[in-house]
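Worksheet for the structure shown next.
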Amino acid sequence: MIKSRKNKRGEVFGMSFGMIFSIILIVFFLVVAFIAIKAFLGWKTCADVGLFFDGLDKNVKIVLSSTYANMAFNSSLPSSIEYVCFVNLSSSTSYNANNIEKDIWTFMKNNEHIITKDSNVYIYSKKSYSCGSRFKKINRIDVSQKSPNCIKVIGGRVSMMLERDTSSNSVRISG
């Protein structure tokens with residue numbers, strides 16, 4: 001004998017209203033969790049950039065105050081950043097540079113209205129960058145020799161050498 005099942009009120013496809021409501025809540029919480037994780041990863045990117053600027057500034061001060069005038073500086077940056085460039089925006093000299101440096105120089109010269117004139121460090125990325133300014137002023141960096149002087153970020157790591165002549169009050173940076 002086959003029992004016939006009556007459709008009770010609130011049942012759709014054999015599930016109660018409570019079950020459907022629970023599934024909707026689970027989906028909602030999963031979506032909110034993914035949004036929060038994405039936001040935290042974005043904050044990590046911004047924190048890495050801030051830590052790079054702070055570390056560079058700190059190490060430039062160490063080189064300037066020490067009797068030993070050479071120091072290696074290694075830092076991690078988000079993988080979306082391709083180059084760290086040291087620039088002198090007030091310089092109008094032209095030189096034979098590689099294409100990426102010409103692109104960076106052209107971008108900076110075309111966007112001087114959003115760049116403060118005293119900025120001398122620039123982070124270059126083709127991808128979108130939403131961590132505030134790409135430009136930073138680090139005191140006592142020598143950018144007179146070549147501008148822009150770009151150092152490639154490889155695998156999220158940048159390595160550079162901070163050098164100072166014993167008679168100089170500024171630090172040269174080389175890749």
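Naming scheme: A, B, ... for chains in displayed order of the structure tokens; residues 1 onward per chain; ligands 1 onward as shown.
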
So that I can check the surroundings of Asn120 in chain A, please list as a short mmCIF file (atom, residue, chain, number, x, y, z; two decimals) with N, CA and C atoms, in the first residue's frame every protein, DNA and RNA residue that reaches within 9 Å of it, counting only C-alpha atoms and ignoring chain neighbours fewer than 2 positions away.
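After the write, around-v6.cif holds the following:
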```
data_model
loop_
_atom_site.label_atom_id
_atom_site.label_comp_id
_atom_site.auth_asym_id
_atom_site.auth_seq_id
_atom_site.Cartn_x
_atom_site.Cartn_y
_atom_site.Cartn_z
N CYS A 85 60.90 53.14 -8.48
CA CYS A 85 61.72 54.12 -9.20
C CYS A 85 62.04 55.30 -8.30
N PHE A 86 63.25 55.79 -8.46
CA PHE A 86 63.72 56.97 -7.75
C PHE A 86 63.83 58.08 -8.79
N VAL A 87 63.14 59.19 -8.55
CA VAL A 87 62.97 60.20 -9.58
C VAL A 87 63.29 61.60 -9.07
N ASN A 88 63.62 62.45 -10.01
CA ASN A 88 63.78 63.87 -9.76
C ASN A 88 62.85 64.57 -10.74
N LEU A 89 61.67 64.93 -10.29
CA LEU A 89 60.67 65.50 -11.19
C LEU A 89 61.04 66.89 -11.68
N LYS A 117 55.80 67.92 -5.77
CA LYS A 117 57.10 68.17 -6.41
C LYS A 117 58.27 67.59 -5.64
N ASP A 118 58.11 67.41 -4.34
CA ASP A 118 59.24 66.90 -3.57
C ASP A 118 59.28 65.37 -3.49
N TYR A 122 58.79 56.37 -6.46
CA TYR A 122 57.56 56.06 -7.17
C TYR A 122 57.42 54.55 -7.32
N PHE A 135 53.53 57.80 -4.71
CA PHE A 135 54.71 58.64 -4.56
C PHE A 135 55.01 58.90 -3.10
N LYS A 136 56.28 59.00 -2.79
CA LYS A 136 56.70 59.24 -1.41
C LYS A 136 57.97 60.06 -1.42
N LYS A 137 58.13 60.89 -0.43
CA LYS A 137 59.35 61.67 -0.26
C LYS A 137 60.20 60.98 0.80
N ILE A 138 61.38 60.55 0.40
CA ILE A 138 62.37 60.00 1.33
C ILE A 138 63.52 61.01 1.35
N ASN A 139 63.79 61.58 2.50
CA ASN A 139 64.81 62.62 2.61
C ASN A 139 66.20 62.06 2.35
N ILE A 141 67.91 61.31 -0.45
CA ILE A 141 68.22 60.35 -1.51
C ILE A 141 68.77 61.13 -2.69
N VAL A 143 69.12 61.63 -6.34
CA VAL A 143 68.48 61.24 -7.61
C VAL A 143 69.03 62.09 -8.76
#
```

- Task: Would you mind telling me which residue in A:Ile62, A:Asp54, A:Lys152, A:Arg140 lies nearest to Ser80 in chain A when using only C-alpha atoms?
- Result: A:Lys152

- Task: For Pro78 in chain A, work out the shell of residues within 7 Å, counting only C-alpha atoms and skipping chain neighbours fewer than 2 positions away, then give it as an MDAnalysis selection string.
- Result: chainID A and resid 45 48 76 80:81 156

Let's have the selection written as a PDB file, in the first residue's frame, with C-alpha atoms.
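The result, written out as out23.pdb:
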```pdb
ATOM      1  CA  THR A  45      48.808  44.948   0.030  1.00  0.00           C
ATOM      2  CA  ASP A  48      53.268  45.934   2.519  1.00  0.00           C
ATOM      3  CA  SER A  76      58.759  42.495   0.065  1.00  0.00           C
ATOM      4  CA  SER A  80      51.357  43.517  -8.725  1.00  0.00           C
ATOM      5  CA  ILE A  81      54.146  46.094  -8.332  1.00  0.00           C
ATOM      6  CA  GLY A 156      57.366  40.260  -4.795  1.00  0.00           C
TER       7      GLY A 156
END
```

- Between CA of Arg134 in chain A and CA of Ser66 in chain A, measure the distance and give it in Å to one decimal. 29.1 Å

- With distances taken over only C-alpha atoms, which of A:Val31, A:Met15, A:Asn59, A:Gly50 is nearest to Ala72 in chain A? A:Asn59

- Two-atom distance - CA of Asp57 in chain A, CA of Lys38 in chain A (Å):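 Distance reported for this atom pair: 29.3 Å.
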
- Query: Between A:Gly175, A:Leu25, A:Val32, A:Asp165, which is the closest to Thr67 in chain A once you count only C-alpha atoms?
  - Reply: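 Of all the options, A:Asp165 lies closest to Thr67 in chain A.
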
- Message: Set the distance at 6 Å and use only C-alpha atoms: which residues neighbour Glu163 in chain A once local chain neighbours fewer than 3 positions away are removed? I'd like the list as a PyMOL selection string.
- Response: chain A and resi 69-70+171-172

Go ahead and write the selection's residues with N, CA and C atoms as a compact mmCIF listing (two decimals), in the first residue's frame.
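Everything below was put into selection_3.txt:
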```txt
# COMPACT_ATOMS: atom_id res chain seq x y z
N ALA A 69 79.35 53.06 4.99
CA ALA A 69 78.45 53.77 4.10
C ALA A 69 77.76 52.92 3.06
N ASN A 70 77.77 51.59 3.17
CA ASN A 70 77.07 50.73 2.23
C ASN A 70 76.17 49.78 2.99
N VAL A 171 72.24 59.68 -0.04
CA VAL A 171 72.43 58.25 -0.30
C VAL A 171 72.08 57.95 -1.75
N ARG A 172 72.99 57.23 -2.43
CA ARG A 172 72.73 56.74 -3.77
C ARG A 172 72.10 55.36 -3.66
```

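Distance annotation: of A:Leu56, A:Leu41, A:Val121, A:Leu51, the residue with the minimal separation from Leu162 in chain A is A:Leu56; atom set is only C-alpha atoms.
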
- Minimum-distance residue to Val60 in chain A, chosen among A:Gly18, A:Arg164, A:Ile123, A:Ser174 (using only C-alpha atoms):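 Of the candidates, the smallest distance to Val60 in chain A is held by A:Arg164.
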